[in-house]
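File shown here: data-v3.cif, holding mmCIF, C-alpha atoms and all ligand atoms.
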```
data_query
loop_
_atom_site.label_atom_id
_atom_site.label_comp_id
_atom_site.auth_asym_id
_atom_site.auth_seq_id
_atom_site.Cartn_x
_atom_site.Cartn_y
_atom_site.Cartn_z
CA MET A 1 -19.74 -9.99 12.29
CA SER A 2 -23.42 -10.74 12.89
CA MET A 3 -26.07 -10.43 10.18
CA ILE A 4 -27.63 -7.53 12.12
CA ASP A 5 -24.32 -5.64 12.26
CA LYS A 6 -23.78 -6.32 8.59
CA LYS A 7 -27.19 -5.01 7.60
CA GLN A 8 -26.88 -1.97 9.81
CA ILE A 9 -23.45 -1.03 8.48
CA SER A 10 -24.57 -1.46 4.87
CA GLU A 11 -27.50 0.84 5.49
CA ARG A 12 -25.26 3.46 7.06
CA ALA A 13 -22.79 3.21 4.18
CA ALA A 14 -25.59 3.65 1.63
CA GLU A 15 -26.74 6.71 3.53
CA VAL A 16 -23.27 8.29 3.22
CA LEU A 17 -23.32 7.66 -0.54
CA ARG A 18 -26.77 9.21 -0.85
CA GLU A 19 -25.75 12.24 1.19
CA ASN A 20 -22.77 12.98 -1.07
CA ASP A 21 -24.59 12.26 -4.34
CA ARG A 22 -24.89 15.34 -6.55
CA GLY A 23 -27.04 13.71 -9.25
CA THR A 24 -24.47 12.78 -11.91
CA TYR A 25 -21.38 12.57 -9.71
CA THR A 26 -20.52 12.11 -6.03
CA VAL A 27 -18.41 14.45 -3.90
CA PRO A 28 -15.83 12.79 -1.59
CA THR A 29 -17.38 14.61 1.37
CA LYS A 30 -19.21 17.87 1.70
CA GLY A 31 -17.21 20.90 2.83
CA LEU A 32 -13.64 19.64 2.49
CA TYR A 33 -13.99 18.27 -1.09
CA PRO A 34 -17.02 19.77 -2.87
CA PHE A 35 -16.27 18.60 -6.45
CA GLN A 36 -15.69 15.35 -8.36
CA TRP A 37 -12.38 13.56 -7.79
CA ASN A 38 -11.06 11.05 -10.30
CA TRP A 39 -10.15 7.87 -8.42
CA ASP A 40 -12.70 8.58 -5.70
CA SER A 41 -15.44 8.37 -8.35
CA CYS A 42 -14.19 5.17 -9.93
CA LEU A 43 -13.98 3.34 -6.61
CA THR A 44 -17.25 4.85 -5.46
CA ALA A 45 -18.96 3.41 -8.53
CA LEU A 46 -18.34 -0.07 -7.10
CA GLY A 47 -20.40 0.77 -4.03
CA LEU A 48 -23.04 2.59 -6.05
CA ALA A 49 -23.53 -0.45 -8.27
CA GLN A 50 -24.93 -2.36 -5.34
CA ILE A 51 -27.63 0.26 -4.96
CA ASP A 52 -28.29 1.51 -8.49
CA GLU A 53 -26.39 0.10 -11.45
CA ARG A 54 -27.27 2.86 -13.89
CA ARG A 55 -26.09 5.50 -11.44
CA ALA A 56 -22.79 3.63 -11.02
CA TRP A 57 -22.09 3.75 -14.77
CA GLN A 58 -23.02 7.39 -14.81
CA GLU A 59 -20.43 8.19 -12.14
CA ILE A 60 -17.62 7.05 -14.44
CA GLU A 61 -19.25 8.46 -17.57
CA THR A 62 -19.44 11.90 -16.00
CA LEU A 63 -15.75 11.78 -15.21
CA PHE A 64 -14.85 10.83 -18.78
CA GLU A 65 -16.99 13.63 -20.21
CA HIS A 66 -14.19 15.85 -18.93
CA GLN A 67 -11.29 13.91 -20.42
CA TRP A 68 -8.86 16.23 -22.20
CA ASP A 69 -8.28 16.02 -25.95
CA ASP A 70 -4.77 14.66 -25.34
CA GLY A 71 -6.27 11.76 -23.32
CA MET A 72 -5.60 12.91 -19.77
CA VAL A 73 -8.40 12.45 -17.25
CA PRO A 74 -8.08 15.26 -14.70
CA HIS A 75 -7.91 14.70 -10.98
CA ILE A 76 -10.70 17.17 -10.16
CA VAL A 77 -13.74 18.31 -12.14
CA PHE A 78 -15.09 21.59 -10.77
CA HIS A 79 -18.73 21.06 -11.66
CA GLN A 80 -19.96 24.03 -9.68
CA HIS A 81 -18.63 27.12 -8.02
CA ASP A 82 -17.51 26.69 -4.41
CA ASP A 83 -15.26 29.06 -2.50
CA GLY A 84 -14.67 26.51 0.22
CA TYR A 85 -11.85 24.76 -1.65
CA PHE A 86 -8.33 25.85 -2.54
CA PRO A 87 -6.84 25.70 -5.20
CA GLY A 88 -9.92 26.35 -7.33
CA PRO A 89 -10.30 26.94 -11.09
CA ASP A 90 -8.80 30.45 -10.95
CA VAL A 91 -5.50 28.94 -9.78
CA TRP A 92 -5.42 26.06 -12.25
CA GLU A 93 -6.53 28.15 -15.25
CA THR A 94 -6.88 25.16 -17.54
CA ASN A 95 -9.36 27.01 -19.78
CA ARG A 96 -11.92 24.29 -20.10
CA PRO A 97 -15.68 24.70 -20.62
CA VAL A 98 -16.24 23.06 -17.24
CA PRO A 99 -13.09 23.84 -15.25
CA THR A 100 -10.81 20.96 -14.23
CA SER A 101 -7.45 20.65 -12.52
CA GLY A 102 -4.44 20.13 -14.82
CA ILE A 103 -2.96 16.94 -13.35
CA THR A 104 -4.23 13.38 -13.11
CA GLN A 105 -4.71 10.64 -10.45
CA PRO A 106 -4.26 6.85 -10.18
CA ALA A 107 -6.01 5.05 -13.04
CA VAL A 108 -8.63 2.74 -11.59
CA ALA A 109 -11.34 3.38 -14.19
CA GLY A 110 -10.55 0.25 -16.22
CA PHE A 111 -10.57 -1.88 -13.09
CA ALA A 112 -13.88 -0.41 -11.92
CA VAL A 113 -15.53 -0.75 -15.32
CA LYS A 114 -14.43 -4.37 -15.63
CA ARG A 115 -15.82 -5.11 -12.19
CA LEU A 116 -19.16 -3.44 -12.99
CA PHE A 117 -19.25 -5.38 -16.26
CA ASP A 118 -18.53 -8.75 -14.63
CA ARG A 119 -21.14 -8.25 -11.93
CA ALA A 120 -23.79 -6.65 -14.11
CA ARG A 121 -27.39 -7.53 -13.48
CA ASP A 122 -28.38 -5.53 -16.56
CA VAL A 123 -26.06 -7.19 -19.09
CA LYS A 124 -27.27 -5.21 -22.10
CA LEU A 125 -26.68 -1.91 -20.33
CA ALA A 126 -23.23 -3.07 -19.21
CA ARG A 127 -22.15 -3.97 -22.76
CA GLU A 128 -23.31 -0.64 -24.06
CA LYS A 129 -21.64 1.40 -21.31
CA ALA A 130 -18.40 -0.61 -21.25
CA SER A 131 -18.05 -0.45 -25.05
CA ALA A 132 -18.35 3.32 -24.98
CA LEU A 133 -15.83 3.71 -22.14
CA LEU A 134 -13.25 1.23 -23.47
CA PRO A 135 -11.59 3.53 -26.09
CA LYS A 136 -11.56 6.45 -23.65
CA ILE A 137 -9.82 4.45 -20.93
CA THR A 138 -7.31 3.10 -23.43
CA LYS A 139 -6.61 6.62 -24.65
CA TRP A 140 -5.88 7.64 -21.06
CA HIS A 141 -3.44 4.73 -20.66
CA GLN A 142 -1.75 5.74 -23.91
CA TRP A 143 -1.51 9.32 -22.66
CA PHE A 144 0.30 8.05 -19.56
CA TYR A 145 2.93 6.05 -21.43
CA GLU A 146 3.51 8.76 -24.02
CA ASN A 147 3.68 11.74 -21.71
CA ARG A 148 4.92 10.37 -18.41
CA ASP A 149 7.42 7.85 -19.71
CA PRO A 150 9.15 9.73 -22.52
CA ALA A 151 12.27 7.51 -22.31
CA LYS A 152 10.12 4.36 -22.65
CA THR A 153 11.22 2.69 -19.43
CA GLY A 154 7.87 0.92 -18.95
CA LEU A 155 7.02 2.96 -15.84
CA VAL A 156 5.38 6.37 -15.62
CA ALA A 157 6.37 9.24 -13.32
CA ILE A 158 4.08 11.53 -11.40
CA ILE A 159 4.99 15.21 -11.66
CA HIS A 160 2.99 16.44 -8.68
CA PRO A 161 2.47 14.62 -5.34
CA TRP A 162 -1.29 15.08 -5.69
CA GLU A 163 -1.24 12.82 -8.74
CA SER A 164 -0.26 9.86 -6.58
CA GLY A 165 -3.40 10.24 -4.47
CA ARG A 166 -1.03 10.04 -1.46
CA ASP A 167 -0.53 13.77 -1.24
CA ASN A 168 1.99 14.28 1.56
CA SER A 169 3.65 10.85 1.75
CA ILE A 170 7.14 10.62 3.19
CA ASP A 171 8.08 9.23 -0.24
CA TRP A 172 8.08 12.73 -1.71
CA ASP A 173 10.07 14.55 1.00
CA ASP A 174 13.52 14.44 -0.60
CA ALA A 175 12.37 15.07 -4.14
CA PHE A 176 10.14 17.86 -2.88
CA GLU A 177 13.17 19.69 -1.50
CA ARG A 178 14.05 20.51 -5.10
CA VAL A 179 10.74 22.27 -5.66
CA PRO A 180 11.23 25.96 -4.90
CA THR A 181 8.81 28.14 -2.95
CA GLU A 182 9.91 31.51 -4.32
CA GLY A 183 7.36 33.34 -6.43
CA VAL A 184 4.33 31.54 -5.02
CA GLN A 185 1.42 33.98 -5.17
CA ALA A 186 -0.36 34.78 -1.91
CA TYR A 187 -3.19 32.36 -1.13
CA GLN A 188 -5.45 31.19 1.64
CA ARG A 189 -5.83 27.50 2.39
CA ARG A 190 -9.41 26.33 2.87
CA ASP A 191 -8.77 22.78 4.07
CA LEU A 192 -7.80 24.00 7.54
CA SER A 193 -11.29 25.31 8.23
CA HIS A 194 -12.81 21.88 7.50
CA ALA A 195 -10.29 19.56 9.19
CA ASN A 196 -7.85 19.53 12.10
CA PRO A 197 -4.61 21.27 10.93
CA ASP A 198 -2.57 18.58 12.74
CA HIS A 199 -4.07 16.00 10.39
CA ARG A 200 -3.27 17.93 7.20
CA PRO A 201 -0.15 18.70 5.11
CA THR A 202 2.11 21.50 6.34
CA GLN A 203 2.29 25.07 5.01
CA GLU A 204 5.69 24.49 3.43
CA GLN A 205 4.31 21.50 1.53
CA TYR A 206 1.39 23.60 0.33
CA ASP A 207 3.76 26.29 -1.01
CA ARG A 208 5.55 23.64 -3.05
CA TYR A 209 2.29 22.13 -4.30
CA ILE A 210 1.27 25.56 -5.55
CA TRP A 211 4.68 26.32 -7.05
CA LEU A 212 4.31 23.26 -9.27
CA VAL A 213 0.80 24.27 -10.32
CA GLN A 214 2.07 27.74 -11.27
CA LYS A 215 4.96 26.21 -13.20
CA PHE A 216 2.71 23.93 -15.27
CA ARG A 217 0.23 26.75 -15.79
CA SER A 218 3.04 28.89 -17.23
CA LEU A 219 3.50 26.13 -19.85
CA GLN A 220 -0.20 26.27 -20.74
CA TRP A 221 -0.68 22.72 -19.44
CA ASP A 222 1.02 21.34 -22.54
CA ASN A 223 1.60 17.73 -21.47
CA SER A 224 4.30 17.20 -24.07
CA LYS A 225 6.41 19.67 -22.03
CA LEU A 226 5.41 19.16 -18.40
CA HIS A 227 7.29 15.96 -17.54
CA ASP A 228 10.69 17.23 -18.60
CA ALA A 229 10.05 20.70 -17.16
CA SER A 230 9.11 19.40 -13.72
CA PRO A 231 11.75 19.35 -10.95
CA PHE A 232 9.56 16.67 -9.36
CA GLN A 233 9.44 13.35 -11.27
CA VAL A 234 8.86 10.30 -9.12
CA VAL A 235 8.11 6.74 -10.20
CA ASP A 236 5.73 5.39 -7.58
CA PRO A 237 5.30 1.59 -7.41
CA GLY A 238 1.76 2.00 -6.08
CA PHE A 239 0.73 4.33 -8.86
CA ASN A 240 2.32 2.10 -11.50
CA GLY A 241 0.93 -1.06 -9.93
CA ILE A 242 -2.55 0.41 -10.19
CA LEU A 243 -1.99 1.51 -13.79
CA ILE A 244 -0.65 -1.91 -14.77
CA ARG A 245 -3.66 -3.62 -13.21
CA ASP A 246 -5.92 -1.11 -14.95
CA CYS A 247 -4.35 -2.01 -18.31
CA GLN A 248 -4.75 -5.69 -17.54
CA GLU A 249 -8.45 -5.37 -16.65
CA THR A 250 -8.97 -3.20 -19.73
CA ALA A 251 -7.32 -5.86 -21.89
CA GLU A 252 -9.63 -8.53 -20.46
CA LEU A 253 -12.65 -6.31 -20.99
CA ALA A 254 -11.57 -5.62 -24.58
CA GLU A 255 -11.33 -9.36 -25.21
CA ALA A 256 -14.80 -9.92 -23.81
CA LEU A 257 -16.07 -7.23 -26.18
CA GLY A 258 -14.19 -8.64 -29.18
CA GLU A 259 -11.78 -5.68 -29.41
CA ASP A 260 -8.57 -7.63 -29.96
CA GLU A 261 -6.36 -4.70 -30.99
CA VAL A 262 -7.30 -2.73 -27.90
CA ALA A 263 -6.56 -5.81 -25.82
CA ALA A 264 -3.12 -6.27 -27.39
CA LEU A 265 -2.20 -2.64 -26.82
CA ASN A 266 -3.09 -2.83 -23.14
CA ARG A 267 -1.33 -6.17 -22.72
CA GLN A 268 1.88 -4.67 -24.05
CA TRP A 269 1.80 -1.96 -21.36
CA VAL A 270 1.22 -4.66 -18.73
CA ALA A 271 4.21 -6.69 -19.91
CA ASN A 272 6.54 -3.68 -20.06
CA GLY A 273 5.31 -2.36 -16.73
CA LEU A 274 5.65 -5.62 -14.82
CA ALA A 275 9.17 -6.20 -16.11
CA ALA A 276 10.22 -2.68 -15.13
CA LEU A 277 8.52 -2.84 -11.73
CA ASP A 278 11.17 -5.35 -10.62
CA THR A 279 13.76 -2.56 -10.68
CA LEU A 280 11.89 -0.93 -7.76
CA TRP A 281 12.19 -3.94 -5.45
CA SER A 282 14.13 -3.14 -2.28
CA GLU A 283 16.06 -5.92 -0.56
CA LYS A 284 16.55 -3.66 2.44
CA TYR A 285 12.83 -3.11 3.02
CA GLN A 286 11.50 -6.32 1.46
CA GLN A 287 8.96 -4.37 -0.59
CA PHE A 288 8.88 -1.98 -3.54
CA VAL A 289 10.08 1.61 -3.14
CA CYS A 290 9.84 4.79 -5.24
CA TYR A 291 12.42 5.91 -7.76
CA ASP A 292 13.31 9.58 -7.95
CA ARG A 293 13.71 9.97 -11.70
CA ALA A 294 15.03 13.55 -11.57
CA ALA A 295 17.80 12.53 -9.11
CA ALA A 296 18.22 9.04 -10.63
CA LYS A 297 18.03 7.12 -7.34
CA LEU A 298 15.72 4.89 -5.32
CA VAL A 299 13.90 6.65 -2.48
CA ASP A 300 14.76 5.54 1.06
CA SER A 301 11.19 5.29 2.31
CA ALA A 302 9.13 2.17 2.99
CA SER A 303 5.62 3.47 2.51
CA ILE A 304 2.35 1.83 1.58
CA GLY A 305 3.00 2.70 -2.10
CA GLY A 306 5.44 -0.20 -2.17
CA LEU A 307 2.80 -2.60 -0.80
CA LEU A 308 0.02 -1.33 -2.99
CA ALA A 309 1.93 -2.58 -6.03
CA VAL A 310 0.61 -6.04 -5.14
CA PHE A 311 -2.62 -4.88 -6.83
CA ALA A 312 -0.80 -5.73 -10.09
CA ASN A 313 0.25 -9.26 -11.01
CA VAL A 314 3.61 -9.16 -9.26
CA SER A 315 5.52 -12.42 -8.83
CA GLU A 316 4.33 -15.02 -6.33
CA ALA A 317 7.47 -14.50 -4.26
CA GLN A 318 6.98 -10.73 -4.17
CA ALA A 319 3.32 -11.10 -3.15
CA LYS A 320 4.30 -13.49 -0.36
CA THR A 321 7.01 -11.14 0.90
CA ILE A 322 4.55 -8.23 0.86
CA ALA A 323 2.07 -10.32 2.87
CA ASP A 324 4.84 -11.06 5.39
CA ARG A 325 5.66 -7.37 5.57
CA ILE A 326 2.01 -6.53 6.33
CA ASN A 327 1.87 -9.16 9.06
CA ASP A 328 5.02 -7.67 10.50
CA LEU A 329 3.44 -4.17 10.43
CA ALA A 330 0.49 -5.63 12.35
CA GLY A 331 2.88 -6.08 15.29
CA ARG A 332 3.38 -2.30 15.40
CA ALA A 333 -0.08 -1.02 14.45
CA LYS A 334 -3.38 -2.19 15.90
CA PHE A 335 -5.17 -1.36 12.64
CA LEU A 336 -4.00 -2.31 9.17
CA VAL A 337 -2.52 -1.05 6.89
CA PRO A 338 -0.52 1.96 8.13
CA SER A 339 0.47 4.19 5.20
CA HIS A 340 3.97 4.27 6.62
CA ASP A 341 5.97 1.96 8.86
CA PRO A 342 5.61 3.13 12.51
CA ILE A 343 9.23 2.14 13.09
CA ASP A 344 10.38 5.07 10.94
CA PRO A 345 10.92 8.27 13.00
CA ARG A 346 9.14 10.21 10.22
CA PHE A 347 5.91 8.25 10.86
CA ASP A 348 2.98 10.42 11.99
CA GLY A 349 -0.15 8.42 12.82
CA LYS A 350 -2.59 11.27 12.30
CA ARG A 351 -1.14 13.22 9.42
CA TYR A 352 -2.86 12.18 6.21
CA TRP A 353 -0.53 9.91 4.19
CA ARG A 354 2.38 9.84 6.65
CA GLY A 355 0.99 7.01 8.79
CA PRO A 356 -2.82 6.73 8.83
CA ALA A 357 -4.74 3.76 7.43
CA TRP A 358 -7.02 4.33 4.42
CA LEU A 359 -9.78 1.92 3.43
CA ILE A 360 -9.37 2.34 -0.34
CA VAL A 361 -5.76 1.29 -0.16
CA ASN A 362 -6.73 -1.59 2.11
CA TYR A 363 -9.23 -2.70 -0.50
CA MET A 364 -6.74 -2.72 -3.34
CA ILE A 365 -4.03 -4.45 -1.31
CA ALA A 366 -6.49 -7.10 -0.09
CA ASP A 367 -7.71 -7.65 -3.63
CA GLY A 368 -4.16 -8.13 -4.90
CA LEU A 369 -3.34 -10.52 -2.05
CA ILE A 370 -6.43 -12.64 -2.73
CA ARG A 371 -5.40 -12.99 -6.37
CA ALA A 372 -1.97 -14.10 -5.18
CA ASP A 373 -3.51 -16.67 -2.78
CA GLN A 374 -2.41 -14.72 0.29
CA THR A 375 -5.93 -15.01 1.67
CA GLU A 376 -5.12 -15.00 5.35
CA THR A 377 -3.38 -11.64 5.24
CA ALA A 378 -6.13 -10.27 3.01
CA ASN A 379 -8.76 -11.36 5.56
CA ARG A 380 -6.80 -9.71 8.31
CA ILE A 381 -6.88 -6.42 6.38
CA VAL A 382 -10.62 -6.71 5.75
CA SER A 383 -11.46 -7.35 9.40
CA SER A 384 -9.22 -4.51 10.49
CA SER A 385 -11.07 -2.22 8.07
CA LEU A 386 -14.46 -3.23 9.46
CA ASP A 387 -13.22 -2.82 13.04
CA LEU A 388 -12.29 0.76 12.18
CA ILE A 389 -15.80 1.41 10.87
CA LEU A 390 -17.45 -0.06 13.96
CA GLU A 391 -15.21 1.92 16.30
CA SER A 392 -14.78 5.18 14.44
CA GLY A 393 -17.39 5.59 11.68
CA PHE A 394 -16.90 6.43 8.00
CA ALA A 395 -13.89 8.73 8.32
CA GLU A 396 -11.49 9.85 5.59
CA TYR A 397 -8.62 7.99 7.29
CA TYR A 398 -7.67 6.59 10.71
CA ASP A 399 -4.77 6.61 13.13
CA PRO A 400 -3.51 3.00 12.82
CA ILE A 401 -2.33 2.91 16.43
CA ASP A 402 -5.43 4.09 18.30
CA GLY A 403 -8.08 4.07 15.55
CA GLU A 404 -8.96 7.76 15.91
CA PRO A 405 -11.06 8.98 12.95
CA CYS A 406 -9.16 11.72 11.09
CA GLY A 407 -9.66 14.22 8.26
CA GLY A 408 -13.15 14.62 6.80
CA SER A 409 -16.12 12.63 8.11
CA ARG A 410 -18.93 10.77 6.31
CA PHE A 411 -16.55 9.96 3.52
CA THR A 412 -17.82 8.56 0.24
CA TRP A 413 -15.12 6.13 -0.84
CA THR A 414 -14.77 4.79 2.70
CA ALA A 415 -18.48 3.93 2.58
CA ALA A 416 -18.15 2.41 -0.90
CA MET A 417 -15.28 0.20 0.24
CA VAL A 418 -17.29 -1.00 3.22
CA LEU A 419 -20.05 -2.13 0.86
CA GLU A 420 -17.39 -3.94 -1.13
CA PHE A 421 -15.89 -5.63 1.93
CA LEU A 422 -19.32 -6.73 3.13
CA ARG A 423 -20.19 -8.06 -0.31
CA GLU A 424 -17.16 -10.36 -0.18
CA LEU A 425 -17.91 -11.66 3.33
C1 LIG A 501 -7.05 13.85 -0.89
C2 LIG A 501 -6.44 12.47 -1.10
C3 LIG A 501 -6.74 12.01 -2.51
C4 LIG A 501 -8.25 12.05 -2.75
C5 LIG A 501 -8.85 13.41 -2.41
C6 LIG A 501 -10.36 13.41 -2.40
O1 LIG A 501 -6.46 14.79 -1.73
O2 LIG A 501 -5.08 12.47 -0.85
O3 LIG A 501 -6.24 10.72 -2.72
O4 LIG A 501 -8.54 11.71 -4.06
O5 LIG A 501 -8.42 13.81 -1.14
O6 LIG A 501 -10.85 12.44 -1.52
#
```
Can you turn what I pasted into structure tokens?
Amino acid sequence: MSMIDKKQISERAAEVLRENDRGTYTVPTKGLYPFQWNWDSCLTALGLAQIDERRAWQEIETLFEHQWDDGMVPHIVFHQHDDGYFPGPDVWETNRPVPTSGITQPAVAGFAVKRLFDRARDVKLAREKASALLPKITKWHQWFYENRDPAKTGLVAIIHPWESGRDNSIDWDDAFERVPTEGVQAYQRRDLSHANPDHRPTQEQYDRYIWLVQKFRSLQWDNSKLHDASPFQVVDPGFNGILIRDCQETAELAEALGEDEVAALNRQWVANGLAALDTLWSEKYQQFVCYDRAAAKLVDSASIGGLLAVFANVSEAQAKTIADRINDLAGRAKFLVPSHDPIDPRFDGKRYWRGPAWLIVNYMIADGLIRADQTETANRIVSSSLDLILESGFAEYYDPIDGEPCGGSRFTWTAAMVLEFLREL
């Protein structure tokens, strides 16, 4: 890529971030997602830091101002009223001063904070901000292992597909069959007026999403009860890989700040998690797969969740096999990395998490591969990501076969990841 292209793309990415900035937090994109989302904000902070360091810290601070007393950090903070989104605060009913959803999302806050800290131009500010966030992030990790791994297996389960961040992945199909649809109150979806219905989850999936919300609401969002009460409990290697990496980065940050006890606590979760992650390795697919905890069986689905686990310190052999798998996928998809293998008849190149490529996932996979010395495959992912931007703009996600931009447009975390990719080049 030429210097001119690089400069032009950076400027366009910064413009997307500015457009979606609401002062103390950033919306993923206007219209479709008009509030603050958890992992969107943490990854967005990386892009923001290149423009305004103080604003980047604030993005994460704002999110943690809405952490629950039990330690959970919610997946959405409804900072302001907006009828254009469903399900809103009246459906979640979490009874908070500023309404939030009642479930969580992948934990990338520790990773983002460590990265901001390491790259800080204002070192004094970074120490102050990181020190204040460190106990909050650790409390969130603790919340995960206490509430989502009650049997102490080392791995946490998600209890709603939205927690994974990969809302309608093929990974959830079988487990989702056990979630009823009876008794779901009448509702009107809002996403379909902002995006092409063919690119979005189906109506039946939405009924099940809402059934789970109603179920947890009926238990007053008491996290000590929700895991066991949920008919949907899935251990996702991607979600756990991210959490393990988050604990690792938090441990390193704690050491840099002289907080040895906090470091030791986080290191223990890393050790337990990595050991348990091995049980999700699939010989058949040569990657990790999900485990359906409620049905006690591995899930027969080779999705990107099983590749994303490379974000954690998996073994050298596993990282190499995952790199091979991605190179193999490149033979079936022009653009990397498809969120599901196109060889699977369930693959759908335009429907959200059932096939499309997403730049945030590309970023985390590439980062993991670089750490494992799989640089060539990582570079391939980065150039594919930039090709998508040049051809199709800053979309929410892309068809990996023809590169069509899908979902929402002018998307915040896509822009943030582009700034990250360009920074590395
Ligand atoms: C969708 C994605 C989720 C993301 C949110 C906001 O729900 O699946 O990962 O956080 O949109 O961008």
Quick one: what's the axis-aligned box for ligand LIG 501 (chain A), all listed atoms, 5 Å on every side, centre and edges in Å to one decimal, as JSON?
```
{"center_x": -8.0, "center_y": 12.8, "center_z": -2.5, "size_x": 15.8, "size_y": 14.1, "size_z": 13.2}
```
Using only C-alpha atoms, which residues of region 53-142 of chain A come within 10 Å of region 8-31 of chain A, and what is the closest atom pair for each, with the distance in Å to one decimal? Give it as JSON lines, sorted by chain and residue number.
```
{"residue": "A:Arg55", "atom": "CA", "partner": "A:Thr24", "partner_atom": "CA", "distance": 7.5}
{"residue": "A:Ala56", "atom": "CA", "partner": "A:Tyr25", "partner_atom": "CA", "distance": 9.1}
{"residue": "A:Trp57", "atom": "CA", "partner": "A:Thr24", "partner_atom": "CA", "distance": 9.8}
{"residue": "A:Gln58", "atom": "CA", "partner": "A:Thr24", "partner_atom": "CA", "distance": 6.3}
{"residue": "A:Glu59", "atom": "CA", "partner": "A:Tyr25", "partner_atom": "CA", "distance": 5.1}
{"residue": "A:Ile60", "atom": "CA", "partner": "A:Tyr25", "partner_atom": "CA", "distance": 8.2}
{"residue": "A:Glu61", "atom": "CA", "partner": "A:Thr24", "partner_atom": "CA", "distance": 8.8}
{"residue": "A:Thr62", "atom": "CA", "partner": "A:Thr24", "partner_atom": "CA", "distance": 6.5}
{"residue": "A:Leu63", "atom": "CA", "partner": "A:Tyr25", "partner_atom": "CA", "distance": 7.9}
{"residue": "A:Val77", "atom": "CA", "partner": "A:Tyr25", "partner_atom": "CA", "distance": 9.9}
{"residue": "A:His79", "atom": "CA", "partner": "A:Tyr25", "partner_atom": "CA", "distance": 9.1}
{"residue": "A:Asp82", "atom": "CA", "partner": "A:Gly31", "partner_atom": "CA", "distance": 9.3}
{"residue": "A:Asp83", "atom": "CA", "partner": "A:Gly31", "partner_atom": "CA", "distance": 9.9}
{"residue": "A:Gly84", "atom": "CA", "partner": "A:Gly31", "partner_atom": "CA", "distance": 6.7}
{"residue": "A:Tyr85", "atom": "CA", "partner": "A:Gly31", "partner_atom": "CA", "distance": 8.0}
```
- Between CA of Trp140 (chain A) and CA of Glu163 (chain A), distance in Å (one decimal):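 If I compute the distance from CA of Trp140 (chain A) to CA of Glu163 (chain A), I get 14.1 Å.
When the distance limit is 8 Å and all atoms listed in the file are what count, the residues near Ser384 (chain A), minus those fewer than 4 positions from it on the same chain, are A:Phe335, A:Leu336, A:Arg380, A:Leu388.
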- Message: Distance limit 9 Å, reference ligand LIG 501 (chain A), atoms considered: all atoms listed in the file. Which residues make the cut? Give them as a PyMOL selection string.
- Response: chain A and resi 27-29+32-33+35-41+75-76+105-106+162-168+352-353+396+408+411-413
- What is the distance between CA of Lys225 (chain A) and CA of Gly273 (chain A), in Å to one decimal? 22.7 Å
Return as CSV the residues of region 71-144 of chain A lying at most 10 Å from region 264-272 of chain A, together with the closest atom-to-atom pair for each and the distance in Å to one decimal, counting all atoms listed in the file, with rows in chain order and ascending residue number.
```
residue,atom,partner,partner_atom,distance
A:Thr138,CA,A:Asn266,CA,7.3
A:His141,CA,A:Asn266,CA,8.0
A:Gln142,CA,A:Asn266,CA,8.7
```
- Message: When you count all atoms listed in the file, which of these residues is closest to Pro345 (chain A): A:Cys290, A:Ala120, A:Ile170, A:Ile137?
- Response: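 Checking each candidate against Pro345 (chain A), we get A:Ile170 as the closest.
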